[in-house]
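Here is the structure we will look at, set down as structure tokens.
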Amino acid sequence: MNNDRILAGIACTQVLAKLSDYFDGELAPEVSAQIEAHVRQCDNCARFGGAFTAIVAGLRKSIEAPSSSASAATARLRSRLGLRD
Ligand SMILES: [Zn+2]
């Protein structure tokens, strides 16, 4: 990446390197928060991660939605994130 920047205490390259771990819920909560804060502040990652942030936003919405509308996929994501009813 040409414009590697450090925002929220984490560099673009580190954000991208950790994305899959982020989705697997394997990162410490503070690291996940750092990644989210970085993507919100970083044009580079916002552009690259537009889909990523949309997925995260959608995921949150799904998790917060009433369980009656939860799909099997949402249930799998909930369990991957370590969330339980
Ligand atoms: Zn970035």
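Ordering of the structure tokens sets the chain letters (A, B, ...); residue numbers start at 1 within each chain; ligands are numbered from 1 in the order shown.
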query = Which residues form the shell of 6 Å around ligand 1 when you count only C-alpha atoms and all ligand atoms, given as a PyMOL selection string?
reply = chain A and resi 5+12+39+42+44-45
Dump as a PDB file, in the first residue's frame, selection limited to C-alpha atoms:
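New file part.pdb:
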ATOM      1  CA  ARG A   5      -0.954   5.597   7.714  1.00  0.00           C
ATOM      2  CA  CYS A  12      -3.301   0.460   7.411  1.00  0.00           C
ATOM      3  CA  VAL A  39     -11.403   2.479   9.267  1.00  0.00           C
ATOM      4  CA  CYS A  42      -8.870   6.472   7.189  1.00  0.00           C
ATOM      5  CA  ASN A  44      -7.557   4.523   2.297  1.00  0.00           C
ATOM      6  CA  CYS A  45      -9.163   1.857   4.395  1.00  0.00           C
TER       7      CYS A  45
END
task = Excluding Tyr22 (chain A) and residues on its chain fewer than 2 positions from it, collect all residues at most 12 Å away from it, counting only C-alpha atoms, and give them as an MDAnalysis selection string.
result = chainID A and resid 14:20 24:36 52:53 56 80:81
note = From CA of Ala8 (chain A) to CA of Arg47 (chain A) the spacing works out at 17.2 Å
query = Just asking: which residues within region 8-61 of chain A are helix (DSSP H, G or I) according to DSSP, as number ranges by chain?
reply = A: 12-24, 29-41, 43-48, 50-61
Keeping only C-alpha atoms, write the selected residues to a file as a short mmCIF file (atom, residue, chain, number, x, y, z; two decimals), in the first residue's frame.
data_model
loop_
_atom_site.label_atom_id
_atom_site.label_comp_id
_atom_site.auth_asym_id
_atom_site.auth_seq_id
_atom_site.Cartn_x
_atom_site.Cartn_y
_atom_site.Cartn_z
CA CYS A 12 -3.30 0.46 7.41
CA THR A 13 -1.21 -2.62 6.71
CA GLN A 14 -1.93 -3.95 10.18
CA VAL A 15 -5.65 -3.28 9.78
CA LEU A 16 -5.75 -5.20 6.52
CA ALA A 17 -3.61 -8.01 7.93
CA LYS A 18 -5.97 -8.44 10.87
CA LEU A 19 -9.27 -8.26 9.00
CA SER A 20 -9.81 -12.01 8.79
CA ASP A 21 -9.00 -12.43 12.48
CA TYR A 22 -11.38 -9.57 13.15
CA PHE A 23 -14.17 -11.43 11.39
CA ASP A 24 -13.28 -14.63 13.18
CA PRO A 29 -11.78 -6.27 22.11
CA GLU A 30 -9.39 -3.31 22.22
CA VAL A 31 -7.78 -4.36 18.93
CA SER A 32 -11.18 -4.75 17.27
CA ALA A 33 -12.11 -1.29 18.50
CA GLN A 34 -8.81 0.07 17.13
CA ILE A 35 -9.55 -1.41 13.70
CA GLU A 36 -13.06 0.03 13.67
CA ALA A 37 -11.78 3.45 14.74
CA HIS A 38 -9.03 3.35 12.10
CA VAL A 39 -11.40 2.48 9.27
CA ARG A 40 -13.74 5.29 10.29
CA GLN A 41 -10.87 7.81 10.13
CA ASP A 43 -9.74 7.32 3.59
CA ASN A 44 -7.56 4.52 2.30
CA CYS A 45 -9.16 1.86 4.39
CA ALA A 46 -12.61 3.36 4.00
CA ARG A 47 -12.24 3.00 0.23
CA PHE A 48 -10.71 -0.46 0.41
CA GLY A 50 -16.18 0.00 2.07
CA ALA A 51 -17.61 -3.47 1.74
CA PHE A 52 -15.99 -4.42 5.02
CA THR A 53 -17.61 -1.60 6.97
CA ALA A 54 -20.95 -2.30 5.30
CA ILE A 55 -20.65 -5.93 6.36
CA VAL A 56 -19.84 -4.91 9.90
CA ALA A 57 -22.76 -2.48 9.99
CA GLY A 58 -25.07 -5.12 8.55
CA LEU A 59 -23.76 -7.66 11.00
CA ARG A 60 -24.45 -5.37 13.92
CA LYS A 61 -27.93 -4.69 12.63
#
